[in-house]
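Next up, my_file11.cif (mmCIF, C-alpha atoms and all ligand atoms):
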data_final
#
loop_
_atom_site.label_atom_id
_atom_site.label_comp_id
_atom_site.auth_asym_id
_atom_site.auth_seq_id
_atom_site.Cartn_x
_atom_site.Cartn_y
_atom_site.Cartn_z
CA MET S 12 -8.95 44.78 -15.50
CA HIS S 13 -11.99 43.83 -13.44
CA THR S 14 -15.29 44.55 -15.12
CA THR S 15 -18.85 44.83 -13.92
CA THR S 16 -22.29 45.52 -15.35
CA LEU S 17 -23.43 49.12 -14.89
CA GLY S 18 -26.85 48.42 -13.42
CA ARG S 19 -29.64 47.82 -15.87
CA THR S 20 -27.88 49.72 -18.65
CA GLY S 21 -26.25 46.34 -19.26
CA LEU S 22 -23.01 48.14 -20.19
CA ARG S 23 -19.88 46.16 -19.34
CA VAL S 24 -17.56 48.62 -17.68
CA SER S 25 -14.17 48.60 -15.99
CA VAL S 26 -14.40 49.11 -12.22
CA ALA S 27 -11.78 51.86 -12.66
CA GLY S 28 -13.17 54.90 -14.47
CA LEU S 29 -11.07 57.80 -15.72
CA GLY S 30 -12.50 61.15 -14.60
CA CYS S 31 -11.66 64.00 -16.96
CA GLY S 32 -12.78 66.73 -14.55
CA GLY S 33 -12.08 67.25 -10.85
CA PHE S 34 -9.05 69.30 -9.87
CA SER S 35 -6.78 67.72 -12.48
CA ARG S 36 -8.75 67.80 -15.74
CA LEU S 37 -6.31 65.27 -17.21
CA GLY S 38 -3.45 67.63 -16.38
CA LEU S 39 -4.77 70.56 -18.45
CA LYS S 40 -5.12 72.53 -15.23
CA SER S 41 -1.42 72.20 -14.47
CA GLY S 42 -0.34 73.20 -17.97
CA LYS S 43 -0.24 69.88 -19.84
CA SER S 44 -1.08 70.04 -23.54
CA GLU S 45 -4.17 68.46 -25.09
CA ASP S 46 -1.89 65.90 -26.78
CA GLU S 47 -0.37 64.91 -23.43
CA ALA S 48 -3.85 64.66 -21.91
CA ALA S 49 -5.05 62.52 -24.83
CA ARG S 50 -2.04 60.23 -24.32
CA LEU S 51 -3.10 59.78 -20.69
CA ILE S 52 -6.52 58.57 -21.90
CA LEU S 53 -4.83 56.14 -24.31
CA GLU S 54 -2.61 54.83 -21.53
CA ALA S 55 -5.67 54.31 -19.32
CA VAL S 56 -7.37 52.38 -22.13
CA ASP S 57 -4.22 50.28 -22.58
CA LEU S 58 -4.46 49.43 -18.88
CA GLY S 59 -8.01 48.19 -19.42
CA VAL S 60 -9.99 51.27 -18.36
CA ASN S 61 -13.01 51.55 -20.64
CA PHE S 62 -15.11 54.07 -18.69
CA ILE S 63 -14.35 57.73 -19.41
CA ASP S 64 -16.28 60.48 -17.63
CA THR S 65 -16.26 64.03 -18.91
CA ALA S 66 -18.64 67.03 -19.02
CA ALA S 67 -19.23 70.11 -21.13
CA ALA S 68 -18.00 72.17 -18.17
CA TYR S 69 -14.61 70.43 -17.88
CA GLY S 70 -13.11 71.61 -21.17
CA THR S 71 -11.82 68.09 -21.80
CA GLU S 72 -14.28 66.81 -24.39
CA GLY S 73 -11.93 67.89 -27.18
CA VAL S 74 -9.21 65.79 -25.57
CA VAL S 75 -11.55 62.80 -25.46
CA GLY S 76 -12.23 63.44 -29.17
CA ARG S 77 -8.48 63.38 -29.90
CA ALA S 78 -8.08 60.10 -28.05
CA LEU S 79 -11.10 58.59 -29.80
CA LYS S 80 -9.32 59.06 -33.13
CA SER S 81 -7.14 56.09 -32.23
CA ILE S 82 -9.61 53.95 -30.26
CA PRO S 83 -12.49 52.00 -31.81
CA ARG S 84 -15.60 53.80 -30.51
CA ASP S 85 -17.16 50.63 -29.12
CA ARG S 86 -14.09 49.90 -26.99
CA VAL S 87 -14.97 52.71 -24.58
CA VAL S 88 -18.00 53.83 -22.63
CA ILE S 89 -18.22 57.62 -22.76
CA ALA S 90 -20.19 59.64 -20.22
CA THR S 91 -20.75 63.38 -20.40
CA LYS S 92 -23.04 65.94 -18.76
CA ALA S 93 -24.81 69.27 -19.01
CA PHE S 94 -25.99 71.71 -16.36
CA VAL S 95 -29.54 72.27 -15.20
CA HIS S 96 -29.12 75.64 -13.49
CA ARG S 97 -26.08 77.87 -13.23
CA ASN S 98 -25.47 81.53 -12.39
CA ASP S 99 -29.14 82.13 -11.56
CA GLU S 100 -30.23 80.75 -14.90
CA TRP S 101 -32.38 77.68 -15.48
CA TRP S 102 -31.21 75.93 -18.62
CA PRO S 103 -34.14 75.34 -20.99
CA PRO S 104 -34.33 71.97 -22.76
CA GLU S 105 -33.04 73.53 -26.01
CA ARG S 106 -29.87 74.64 -24.26
CA VAL S 107 -29.25 71.20 -22.76
CA VAL S 108 -29.78 69.60 -26.19
CA ALA S 109 -27.42 72.16 -27.76
CA SER S 110 -24.85 71.24 -25.09
CA LEU S 111 -25.26 67.55 -26.00
CA ASP S 112 -24.79 68.36 -29.70
CA ASP S 113 -21.65 70.35 -28.87
CA SER S 114 -20.33 67.44 -26.79
CA LEU S 115 -20.87 65.05 -29.71
CA ARG S 116 -19.09 67.44 -32.09
CA LEU S 117 -16.12 67.95 -29.76
CA MET S 118 -15.78 64.24 -29.07
CA ARG S 119 -16.23 63.39 -32.79
CA THR S 120 -18.84 60.77 -32.07
CA ASP S 121 -22.51 60.40 -32.89
CA TYR S 122 -23.61 59.05 -29.50
CA VAL S 123 -22.72 59.15 -25.82
CA ASP S 124 -23.23 56.06 -23.71
CA VAL S 125 -24.34 57.98 -20.61
CA PHE S 126 -25.62 61.56 -20.65
CA SER S 127 -26.20 63.03 -17.19
CA LEU S 128 -27.64 66.18 -15.74
CA HIS S 129 -24.69 67.66 -13.89
CA GLY S 130 -24.35 68.54 -10.21
CA VAL S 131 -28.09 68.74 -9.56
CA LYS S 132 -29.01 70.34 -6.22
CA PRO S 133 -32.07 69.20 -4.26
CA ASP S 134 -34.12 72.26 -5.23
CA GLU S 135 -33.28 71.69 -8.91
CA TYR S 136 -34.44 68.10 -8.98
CA ASP S 137 -38.10 68.66 -9.94
CA TYR S 138 -37.05 70.86 -12.89
CA ALA S 139 -34.44 68.28 -13.97
CA ARG S 140 -36.97 65.45 -13.85
CA ASP S 141 -40.07 67.20 -15.18
CA VAL S 142 -38.69 69.69 -17.71
CA LEU S 143 -35.31 68.40 -18.90
CA ARG S 144 -35.63 64.66 -18.74
CA PRO S 145 -38.41 64.47 -21.39
CA ALA S 146 -36.06 66.27 -23.79
CA LEU S 147 -33.35 63.72 -23.02
CA ILE S 148 -35.76 60.88 -23.73
CA GLU S 149 -36.33 62.40 -27.19
CA GLN S 150 -32.57 62.52 -27.78
CA LYS S 151 -32.33 58.92 -26.65
CA ALA S 152 -34.98 57.95 -29.21
CA LYS S 153 -32.83 59.65 -31.86
CA GLY S 154 -29.86 57.51 -30.82
CA LYS S 155 -27.69 60.38 -29.55
CA ILE S 156 -27.85 59.13 -25.94
CA ARG S 157 -27.75 55.50 -24.87
CA HIS S 158 -28.57 55.99 -21.18
CA ILE S 159 -29.72 58.88 -18.99
CA GLY S 160 -28.10 59.75 -15.67
CA ILE S 161 -27.96 62.37 -12.95
CA THR S 162 -25.09 63.50 -10.72
CA GLU S 163 -25.27 65.16 -7.32
CA PHE S 164 -23.67 68.36 -5.95
CA PRO S 165 -21.77 66.94 -2.97
CA GLU S 166 -20.30 70.23 -1.74
CA THR S 167 -23.67 71.30 -0.30
CA ASP S 168 -25.85 68.19 -0.60
CA ILE S 169 -23.99 66.31 2.11
CA ALA S 170 -26.97 64.12 2.97
CA HIS S 171 -27.57 63.04 -0.67
CA ALA S 172 -31.08 64.53 -0.60
CA MET S 173 -31.23 64.85 -4.40
CA LEU S 174 -30.04 61.34 -5.19
CA SER S 175 -32.24 59.79 -2.52
CA ARG S 176 -35.23 61.26 -4.35
CA ALA S 177 -33.94 60.28 -7.79
CA ALA S 178 -33.29 56.70 -6.73
CA GLN S 179 -36.63 56.55 -4.89
CA ASP S 180 -38.40 57.74 -8.05
CA ALA S 181 -36.61 55.08 -10.06
CA LEU S 182 -38.15 52.39 -7.85
CA GLN S 183 -41.56 53.28 -9.32
CA ASP S 184 -40.51 54.16 -12.85
CA PRO S 185 -37.12 53.45 -14.47
CA LEU S 186 -36.30 57.15 -14.73
CA TRP S 187 -32.57 57.33 -14.18
CA GLU S 188 -30.24 54.57 -15.29
CA VAL S 189 -26.97 55.85 -13.80
CA VAL S 190 -26.11 58.14 -10.87
CA MET S 191 -22.87 59.69 -9.69
CA VAL S 192 -22.42 59.91 -5.93
CA ALA S 193 -19.69 61.13 -3.58
CA PHE S 194 -18.33 58.42 -1.30
CA HIS S 195 -15.08 58.21 0.63
CA MET S 196 -13.49 56.93 3.84
CA MET S 197 -14.91 59.85 5.85
CA HIS S 198 -18.13 60.34 3.86
CA GLN S 199 -19.94 57.03 3.96
CA GLY S 200 -23.57 58.20 4.08
CA ALA S 201 -24.40 56.74 0.65
CA ARG S 202 -24.25 53.31 2.27
CA ARG S 203 -27.48 54.18 4.08
CA SER S 204 -29.25 56.66 1.82
CA VAL S 205 -28.27 55.84 -1.77
CA PHE S 206 -26.88 52.34 -2.36
CA PRO S 207 -29.87 50.38 -0.96
CA LEU S 208 -32.13 52.28 -3.40
CA THR S 209 -29.82 52.08 -6.41
CA ARG S 210 -29.38 48.37 -5.85
CA ALA S 211 -33.13 47.84 -5.51
CA SER S 212 -33.91 49.79 -8.68
CA GLY S 213 -30.97 48.57 -10.77
CA ILE S 214 -29.34 51.98 -11.18
CA GLY S 215 -25.65 51.91 -12.09
CA THR S 216 -23.37 53.89 -9.75
CA LEU S 217 -20.27 55.99 -10.40
CA LEU S 218 -18.30 57.06 -7.32
CA MET S 219 -16.55 60.43 -7.13
CA PHE S 220 -14.57 62.32 -4.43
CA VAL S 221 -12.88 59.10 -3.34
CA VAL S 222 -9.55 60.93 -2.85
CA ARG S 223 -10.24 64.51 -4.02
CA SER S 224 -7.92 66.94 -2.18
CA MET S 225 -7.79 65.40 1.23
CA PHE S 226 -6.50 61.86 1.03
CA ALA S 227 -3.38 62.81 -0.91
CA ASP S 228 -2.50 65.42 1.73
CA PRO S 229 -1.50 63.99 5.17
CA PRO S 230 -1.15 67.41 6.91
CA ARG S 231 -4.69 68.23 5.78
CA ILE S 232 -6.01 64.92 7.18
CA ARG S 233 -4.34 65.74 10.49
CA ARG S 234 -5.87 69.23 10.55
CA GLU S 235 -9.34 68.05 9.65
CA LEU S 236 -9.32 65.33 12.28
CA ARG S 237 -8.17 67.76 14.95
CA GLU S 238 -11.11 69.99 14.10
CA LEU S 239 -13.61 67.13 14.00
CA ALA S 240 -12.31 65.80 17.33
CA ALA S 241 -12.53 69.27 18.89
CA LYS S 242 -16.18 69.45 17.81
CA GLY S 243 -16.81 66.01 19.32
CA LEU S 244 -17.69 64.55 15.90
CA VAL S 245 -15.02 61.82 15.97
CA ASP S 246 -13.18 59.95 18.68
CA ARG S 247 -10.95 62.33 20.65
CA SER S 248 -7.87 60.16 20.14
CA LEU S 249 -7.95 60.92 16.38
CA GLY S 250 -7.21 64.54 17.13
CA GLU S 251 -4.25 63.68 19.34
CA THR S 252 -2.07 61.83 16.88
CA ASP S 253 0.02 63.06 13.96
CA ASP S 254 -0.94 60.11 11.82
CA PRO S 255 -4.63 59.43 12.47
CA LEU S 256 -5.08 57.10 9.47
CA GLY S 257 -1.67 55.44 9.89
CA PHE S 258 -3.35 52.19 10.99
CA LEU S 259 -4.26 51.59 7.32
CA ILE S 260 -0.64 51.36 6.20
CA HIS S 261 1.01 48.02 6.96
CA GLN S 262 2.34 45.02 5.15
CA ALA S 263 -0.96 43.18 4.81
CA GLY S 264 -2.88 46.42 4.29
CA ALA S 265 -2.48 49.41 1.99
CA ALA S 266 0.86 50.85 0.88
CA THR S 267 -0.41 54.44 0.71
CA LEU S 268 -3.45 56.42 1.84
CA THR S 269 -4.62 56.96 -1.74
CA GLU S 270 -4.46 53.21 -2.27
CA ALA S 271 -6.50 52.70 0.91
CA ALA S 272 -9.05 55.28 -0.26
CA TYR S 273 -9.57 53.69 -3.67
CA ARG S 274 -9.71 50.14 -2.28
CA PHE S 275 -12.19 51.17 0.42
CA ALA S 276 -14.59 52.62 -2.19
CA ARG S 277 -14.07 49.95 -4.83
CA HIS S 278 -15.28 47.11 -2.63
CA GLU S 279 -18.27 48.90 -1.11
CA PRO S 280 -21.42 46.91 -1.93
CA GLY S 281 -23.40 48.99 -4.41
CA ALA S 282 -20.33 50.63 -6.00
CA ASP S 283 -19.97 49.93 -9.72
CA VAL S 284 -17.30 52.27 -11.14
CA VAL S 285 -14.80 54.20 -9.02
CA LEU S 286 -13.81 57.36 -10.85
CA PHE S 287 -10.33 58.70 -10.33
CA GLY S 288 -9.11 62.03 -11.63
CA THR S 289 -5.48 62.60 -12.50
CA GLY S 290 -3.11 64.43 -14.79
CA ASP S 291 -0.17 62.25 -13.86
CA ALA S 292 0.72 58.99 -15.61
CA ALA S 293 2.35 57.51 -12.49
CA HIS S 294 -0.82 58.23 -10.48
CA LEU S 295 -2.89 56.69 -13.26
CA ARG S 296 -0.91 53.44 -13.05
CA ALA S 297 -0.93 53.44 -9.23
CA ASN S 298 -4.68 54.02 -9.10
CA VAL S 299 -5.51 51.26 -11.56
CA ALA S 300 -3.25 48.91 -9.57
CA SER S 301 -4.99 49.94 -6.30
CA LEU S 302 -8.43 49.35 -7.77
CA LEU S 303 -7.39 45.84 -8.80
CA LYS S 304 -6.25 44.92 -5.30
CA PRO S 305 -8.47 42.98 -2.88
CA PRO S 306 -10.58 44.72 -0.25
CA LEU S 307 -8.73 46.29 2.67
CA PRO S 308 -8.21 43.79 5.50
CA GLU S 309 -11.57 43.43 7.21
CA ALA S 310 -10.25 44.83 10.50
CA ASP S 311 -9.16 48.05 8.73
CA ARG S 312 -12.41 48.41 6.83
CA ALA S 313 -14.44 47.79 9.97
CA ARG S 314 -12.37 50.38 11.83
CA LEU S 315 -13.05 53.00 9.13
CA VAL S 316 -16.75 52.25 9.40
CA ALA S 317 -16.68 52.42 13.20
CA LEU S 318 -14.67 55.66 13.25
CA PHE S 319 -16.36 57.55 10.43
CA GLY S 320 -19.51 55.70 9.31
CA HIS S 321 -21.71 58.12 11.25
CA LEU S 322 -19.96 61.28 10.01
CA ALA S 323 -22.03 63.79 8.00
CA SER S 324 -19.74 66.78 8.26
CA GLY S 325 -18.95 67.29 4.58
CA THR S 326 -15.25 66.71 5.27
CA GLY S 327 -13.27 66.26 2.05
CA LEU S 328 -16.06 67.47 -0.25
CA ASP S 329 -14.07 70.34 -1.69
CA GLY S 330 -15.64 72.26 -4.53
CA HIS S 331 -14.22 74.44 -7.27
CA PRO S 332 -14.44 78.19 -6.82
CA PRO S 333 -17.83 79.31 -8.25
CA ALA S 334 -16.35 80.91 -11.37
CA ALA S 335 -14.55 77.74 -12.44
CA HIS S 336 -17.16 75.40 -11.07
N1 LIG B 1 -20.92 66.55 -9.73
C1 LIG B 1 -20.20 65.89 -10.62
O1 LIG B 1 -20.72 65.45 -11.62
C2 LIG B 1 -18.73 65.68 -10.38
C3 LIG B 1 -18.05 66.39 -9.39
C4 LIG B 1 -16.71 66.09 -9.17
C5 LIG B 1 -16.06 65.11 -9.93
N2 LIG B 1 -16.75 64.47 -10.92
C6 LIG B 1 -16.10 63.42 -11.75
O2 LIG B 1 -15.38 62.57 -10.89
C7 LIG B 1 -14.04 62.44 -11.38
C8 LIG B 1 -13.11 62.17 -10.24
O3 LIG B 1 -12.84 63.41 -9.58
P1 LIG B 1 -12.43 63.49 -8.09
O4 LIG B 1 -11.96 64.86 -7.80
O5 LIG B 1 -13.53 62.94 -7.29
O6 LIG B 1 -11.18 62.50 -8.16
P2 LIG B 1 -10.34 61.78 -7.05
O7 LIG B 1 -9.81 60.59 -7.72
O8 LIG B 1 -11.13 61.65 -5.80
O9 LIG B 1 -9.15 62.83 -6.73
C9 LIG B 1 -8.31 63.25 -7.66
C10 LIG B 1 -7.21 64.14 -7.02
O10 LIG B 1 -6.28 63.34 -6.34
C11 LIG B 1 -4.99 63.41 -6.97
N3 LIG B 1 -4.52 62.04 -7.14
C12 LIG B 1 -5.06 61.07 -7.92
N4 LIG B 1 -4.36 59.92 -7.81
C13 LIG B 1 -3.35 60.16 -6.94
C14 LIG B 1 -2.30 59.37 -6.42
N5 LIG B 1 -2.15 58.09 -6.77
N6 LIG B 1 -1.45 59.94 -5.54
C15 LIG B 1 -1.60 61.24 -5.17
N7 LIG B 1 -2.57 62.04 -5.64
C16 LIG B 1 -3.45 61.52 -6.51
C17 LIG B 1 -5.20 64.07 -8.32
O11 LIG B 1 -4.09 64.90 -8.64
P3 LIG B 1 -3.01 64.48 -9.77
O12 LIG B 1 -3.45 65.13 -11.03
O13 LIG B 1 -1.74 65.05 -9.23
O14 LIG B 1 -2.98 62.99 -9.84
C18 LIG B 1 -6.48 64.87 -8.11
O15 LIG B 1 -6.21 66.16 -7.69
C19 LIG B 1 -13.79 63.79 -12.07
O16 LIG B 1 -12.70 63.73 -12.94
C20 LIG B 1 -15.10 63.97 -12.77
O17 LIG B 1 -15.11 63.18 -13.93
C21 LIG B 1 -18.06 64.74 -11.15
#
Show me, as structure tokens, the structure contained in the file I just sent.
Ligand SMILES: NC(=O)c1ccc[n+]([C@@H]2O[C@H](COP(=O)([O-])OP(=O)(O)OC[C@H]3O[C@@H](n4cnc5c(N)ncnc54)[C@H](OP(=O)(O)O)[C@@H]3O)[C@@H](O)[C@H]2O)c1
Amino acid sequence: MHTTTLGRTGLRVSVAGLGCGGFSRLGLKSGKSEDEAARLILEAVDLGVNFIDTAAAYGTEGVVGRALKSIPRDRVVIATKAFVHRNDEWWPPERVVASLDDSLRLMRTDYVDVFSLHGVKPDEYDYARDVLRPALIEQKAKGKIRHIGITEFPETDIAHAMLSRAAQDALQDPLWEVVMVAFHMMHQGARRSVFPLTRASGIGTLLMFVVRSMFADPPRIRRELRELAAKGLVDRSLGETDDPLGFLIHQAGAATLTEAAYRFARHEPGADVVLFGTGDAAHLRANVASLLKPPLPEADRARLVALFGHLASGTGLDGHPPAAH
């Protein structure tokens, strides 16, 4: 496994991080049992993955707890999260702390390495920083949290307005130690608006949405590119072919589009951990293998930047239905 340092947290982390949420939730969403899901975590750890991302909202903290029964606690870096505002309700600090305590109980541990405020929208940022963060600092002093983070809400915050502010704030004062940001082959805006700031302030980065629903679904890619081309947002030729990203697949390049997607994100300057979500052991192995491969050939990477680097359409930023979040 390749490892890196997660910004100024100093944590040594695998560049491949197992996401326990997303559309797969370790397979729980497609009917796998908690034991099967816990085995997936153990297999990831056997492959060298030491970063595990979960959240109170995912319903997978109990699975992480099961897996932790057979892994020495200090072998893994555990990240979890709590909401700031949901269903028209602002979460008071006591509720966020209660969520943290619940997370610790479910995961059978007495600390989390990274505790983040979850899916924070731009208009929630001031409340997150000014009202909730002081409570997290208290929990950090008690040893329940090692590092404090914040994650964005990509579905609507396409321009990374929240994280741009958070990372800008951290230039003056080391507020946030870790951020989670959406980045993929057709959503590259973080290169301009987030990574220069996180690199300057030493914030560790976790990348999400690298594949999500789109890059494992060739007909969907075709459809999306037709629409983008019709709107004049990408080169017209991309809307006229059945295989618009086919140029990535060749002997010296990627074997599959998901491989291309993970390799593209993994080698982006400023990217620390690439999260991948899966409920499938074969996908787990393929994704770890992809993340260990070298960068895409420079001509392919440059073409992705030239074709899509300007795009700010929100393509591929699929959210959960509101009820499920
Ligand atoms: N705001 C937030 O804080 C936030 C929001 C979203 C996600 N996250 C975190 O980010 C993590 C990653 O989530 P993501 O949705 O961004 O993950 P992703 O890795 O971009 O996409 C995962 C999807 O692709 C499929 N997939 C994975 N590997 C594949 C392969 N080799 N071949 C074909 N299909 C494959 C998975 O289905 P299978 O189960 O079939 O493999 C899953 O549906 C989440 O688990 C969560 O921890 C955080």
Which residues are close to S:Pro185, i.e. within 9 Å by only C-alpha atoms, leaving aside same-chain residues fewer than 2 positions away? Reply as a VMD selection string. chain S and resid 180 to 183 187 to 188 212 to 214
For chain S against ligand LIG 1 (chain B), with a cut-off of 6 Å and counting all atoms listed in the file, what is the closest atom pair and its distance in Å to one decimal for every residue that makes the cut, ordered by chain and number, as JSON lines?
{"residue": "S:Gly30", "atom": "CA", "partner": "B:LIG1", "partner_atom": "O16", "distance": 3.1}
{"residue": "S:Cys31", "atom": "CA", "partner": "B:LIG1", "partner_atom": "O16", "distance": 4.2}
{"residue": "S:Gly32", "atom": "CA", "partner": "B:LIG1", "partner_atom": "O16", "distance": 3.4}
{"residue": "S:Gly33", "atom": "CA", "partner": "B:LIG1", "partner_atom": "O4", "distance": 3.9}
{"residue": "S:Phe34", "atom": "CA", "partner": "B:LIG1", "partner_atom": "O15", "distance": 4.8}
{"residue": "S:Ser35", "atom": "CA", "partner": "B:LIG1", "partner_atom": "O12", "distance": 4.5}
{"residue": "S:Gly38", "atom": "CA", "partner": "B:LIG1", "partner_atom": "O12", "distance": 5.9}
{"residue": "S:Asp64", "atom": "CA", "partner": "B:LIG1", "partner_atom": "O17", "distance": 4.7}
{"residue": "S:Thr65", "atom": "CA", "partner": "B:LIG1", "partner_atom": "O17", "distance": 5.2}
{"residue": "S:His129", "atom": "CA", "partner": "B:LIG1", "partner_atom": "O1", "distance": 5.1}
{"residue": "S:Gly130", "atom": "CA", "partner": "B:LIG1", "partner_atom": "N1", "distance": 4.0}
{"residue": "S:Thr162", "atom": "CA", "partner": "B:LIG1", "partner_atom": "O1", "distance": 4.9}
{"residue": "S:Glu163", "atom": "CA", "partner": "B:LIG1", "partner_atom": "N1", "distance": 5.2}
{"residue": "S:Phe164", "atom": "CA", "partner": "B:LIG1", "partner_atom": "N1", "distance": 5.0}
{"residue": "S:Met219", "atom": "CA", "partner": "B:LIG1", "partner_atom": "O5", "distance": 3.9}
{"residue": "S:Phe220", "atom": "CA", "partner": "B:LIG1", "partner_atom": "O5", "distance": 3.1}
{"residue": "S:Val221", "atom": "CA", "partner": "B:LIG1", "partner_atom": "O8", "distance": 4.0}
{"residue": "S:Val222", "atom": "CA", "partner": "B:LIG1", "partner_atom": "O8", "distance": 3.4}
{"residue": "S:Arg223", "atom": "CA", "partner": "B:LIG1", "partner_atom": "O9", "distance": 3.4}
{"residue": "S:Ser224", "atom": "CA", "partner": "B:LIG1", "partner_atom": "C10", "distance": 5.6}
{"residue": "S:Ala227", "atom": "CA", "partner": "B:LIG1", "partner_atom": "N7", "distance": 4.9}
{"residue": "S:Thr269", "atom": "CA", "partner": "B:LIG1", "partner_atom": "N5", "distance": 5.7}
{"residue": "S:Leu286", "atom": "CA", "partner": "B:LIG1", "partner_atom": "C8", "distance": 4.9}
{"residue": "S:Phe287", "atom": "CA", "partner": "B:LIG1", "partner_atom": "O7", "distance": 3.3}
{"residue": "S:Gly288", "atom": "CA", "partner": "B:LIG1", "partner_atom": "O6", "distance": 4.1}
{"residue": "S:Thr289", "atom": "CA", "partner": "B:LIG1", "partner_atom": "O12", "distance": 3.6}
{"residue": "S:Gly290", "atom": "CA", "partner": "B:LIG1", "partner_atom": "O12", "distance": 3.8}
{"residue": "S:Asp291", "atom": "CA", "partner": "B:LIG1", "partner_atom": "O14", "distance": 5.0}
{"residue": "S:His294", "atom": "CA", "partner": "B:LIG1", "partner_atom": "N5", "distance": 3.9}
{"residue": "S:Ala297", "atom": "CA", "partner": "B:LIG1", "partner_atom": "N5", "distance": 5.4}
{"residue": "S:Asn298", "atom": "CA", "partner": "B:LIG1", "partner_atom": "N5", "distance": 5.3}
Residue list as an NGL selection string for point (-25.1, 59.0, -23.5), cut-off 6 Å, all atoms listed in the file: :S and (90 or 123-126 or 156-158)
Rank nothing, just name the residue among S:Gly250, S:Gly154, S:Gly320, S:Pro280 nearest to S:Leu218, using only C-alpha atoms.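 Among S:Gly250, S:Gly154, S:Gly320, S:Pro280, it is S:Pro280 that comes nearest to S:Leu218.
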In the coordinates of the file, take the point (-14.5, 50.1, 11.3) and a cut-off of 12 Å; then, counting only C-alpha atoms, name each qualifying protein, DNA or RNA residue as a list of chain:residue names.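 With a cut-off of 12 Å, the residues come to S:Met196, S:Met197, S:Gln199, S:Leu256, S:Phe258, S:Leu259, S:Phe275, S:Leu307, S:Pro308, S:Glu309, S:Ala310, S:Asp311, S:Arg312, S:Ala313, S:Arg314, S:Leu315, S:Val316, S:Ala317, S:Leu318, S:Phe319, S:Gly320, S:His321.
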With C-alpha atoms retained, export the selected residues as a short mmCIF file (atom, residue, chain, number, x, y, z; two decimals), in the frame of the given file.
data_model
loop_
_atom_site.label_atom_id
_atom_site.label_comp_id
_atom_site.auth_asym_id
_atom_site.auth_seq_id
_atom_site.Cartn_x
_atom_site.Cartn_y
_atom_site.Cartn_z
CA MET S 196 -13.49 56.93 3.84
CA MET S 197 -14.91 59.85 5.85
CA GLN S 199 -19.94 57.03 3.96
CA LEU S 256 -5.08 57.10 9.47
CA PHE S 258 -3.35 52.19 10.99
CA LEU S 259 -4.26 51.59 7.32
CA PHE S 275 -12.19 51.17 0.42
CA LEU S 307 -8.73 46.29 2.67
CA PRO S 308 -8.21 43.79 5.50
CA GLU S 309 -11.57 43.43 7.21
CA ALA S 310 -10.25 44.83 10.50
CA ASP S 311 -9.16 48.05 8.73
CA ARG S 312 -12.41 48.41 6.83
CA ALA S 313 -14.44 47.79 9.97
CA ARG S 314 -12.37 50.38 11.83
CA LEU S 315 -13.05 53.00 9.13
CA VAL S 316 -16.75 52.25 9.40
CA ALA S 317 -16.68 52.42 13.20
CA LEU S 318 -14.67 55.66 13.25
CA PHE S 319 -16.36 57.55 10.43
CA GLY S 320 -19.51 55.70 9.31
CA HIS S 321 -21.71 58.12 11.25
#
Quick one: residues within 7 Å of S:Ala78, all atoms listed in the file, excluding same-chain residues fewer than 4 positions away - as a PyMOL selection string? chain S and resi 49+52-53+74+82
List the neighbours of S:Ile169 out to 9 Å using all atoms listed in the file; skip same-chain residues closer than 6 positions along the sequence, and give me the result as a PyMOL selection string. chain S and resi 193+198+200+323-325+328
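Proximity of S:Asn98, S:Thr167, S:Ser248, S:Ser301 to S:Ala272, computed with all atoms listed in the file, is greatest for S:Ser301.
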Just to confirm, what's the straight-line distance from atom CA of S:Val192 to atom CA of S:Ala177 in Å (one decimal)? 11.7 Å
Hey, which of S:Leu322, S:Leu186, S:Ala48, S:Leu174 ends up closest to S:Ile148? Count all atoms listed in the file.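 Smallest separation from S:Ile148 among the options: S:Leu186.
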How many Å separate atom CA of S:Leu128 from atom CA of S:Val142?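 Interatomic distance here is 11.8 Å.
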Leaving out S:Val56 and any residue of its chain fewer than 5 positions from it, which residues lie within 12 Å of it when counting all atoms listed in the file, given as a PyMOL selection string? chain S and resi 12+24-25+27-29+49-51+61-63+75+78-79+81-84+86-88+295-296+299
Same residues, C-alpha atoms, saved as a tab-separated table (two decimals), keeping the file's coordinate frame:
chain	number	residue	atom	x	y	z
S	12	MET	CA	-8.95	44.78	-15.50
S	24	VAL	CA	-17.56	48.62	-17.68
S	25	SER	CA	-14.17	48.60	-15.99
S	27	ALA	CA	-11.78	51.86	-12.66
S	28	GLY	CA	-13.17	54.90	-14.47
S	29	LEU	CA	-11.07	57.80	-15.72
S	49	ALA	CA	-5.05	62.52	-24.83
S	50	ARG	CA	-2.04	60.23	-24.32
S	51	LEU	CA	-3.10	59.78	-20.69
S	61	ASN	CA	-13.01	51.55	-20.64
S	62	PHE	CA	-15.11	54.07	-18.69
S	63	ILE	CA	-14.35	57.73	-19.41
S	75	VAL	CA	-11.55	62.80	-25.46
S	78	ALA	CA	-8.08	60.10	-28.05
S	79	LEU	CA	-11.10	58.59	-29.80
S	81	SER	CA	-7.14	56.09	-32.23
S	82	ILE	CA	-9.61	53.95	-30.26
S	83	PRO	CA	-12.49	52.00	-31.81
S	84	ARG	CA	-15.60	53.80	-30.51
S	86	ARG	CA	-14.09	49.90	-26.99
S	87	VAL	CA	-14.97	52.71	-24.58
S	88	VAL	CA	-18.00	53.83	-22.63
S	295	LEU	CA	-2.89	56.69	-13.26
S	296	ARG	CA	-0.91	53.44	-13.05
S	299	VAL	CA	-5.51	51.26	-11.56
So the first atom is atom CA of S:His331 and the second is atom CA of S:Pro165; what is the distance between them in Å, to one decimal place?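 These atoms are spaced 11.5 Å apart.
Considering only C-alpha atoms, the residue among S:Met191, S:Ile159, S:Ala55, S:Ala67 positioned nearest to S:Val284 is S:Met191.
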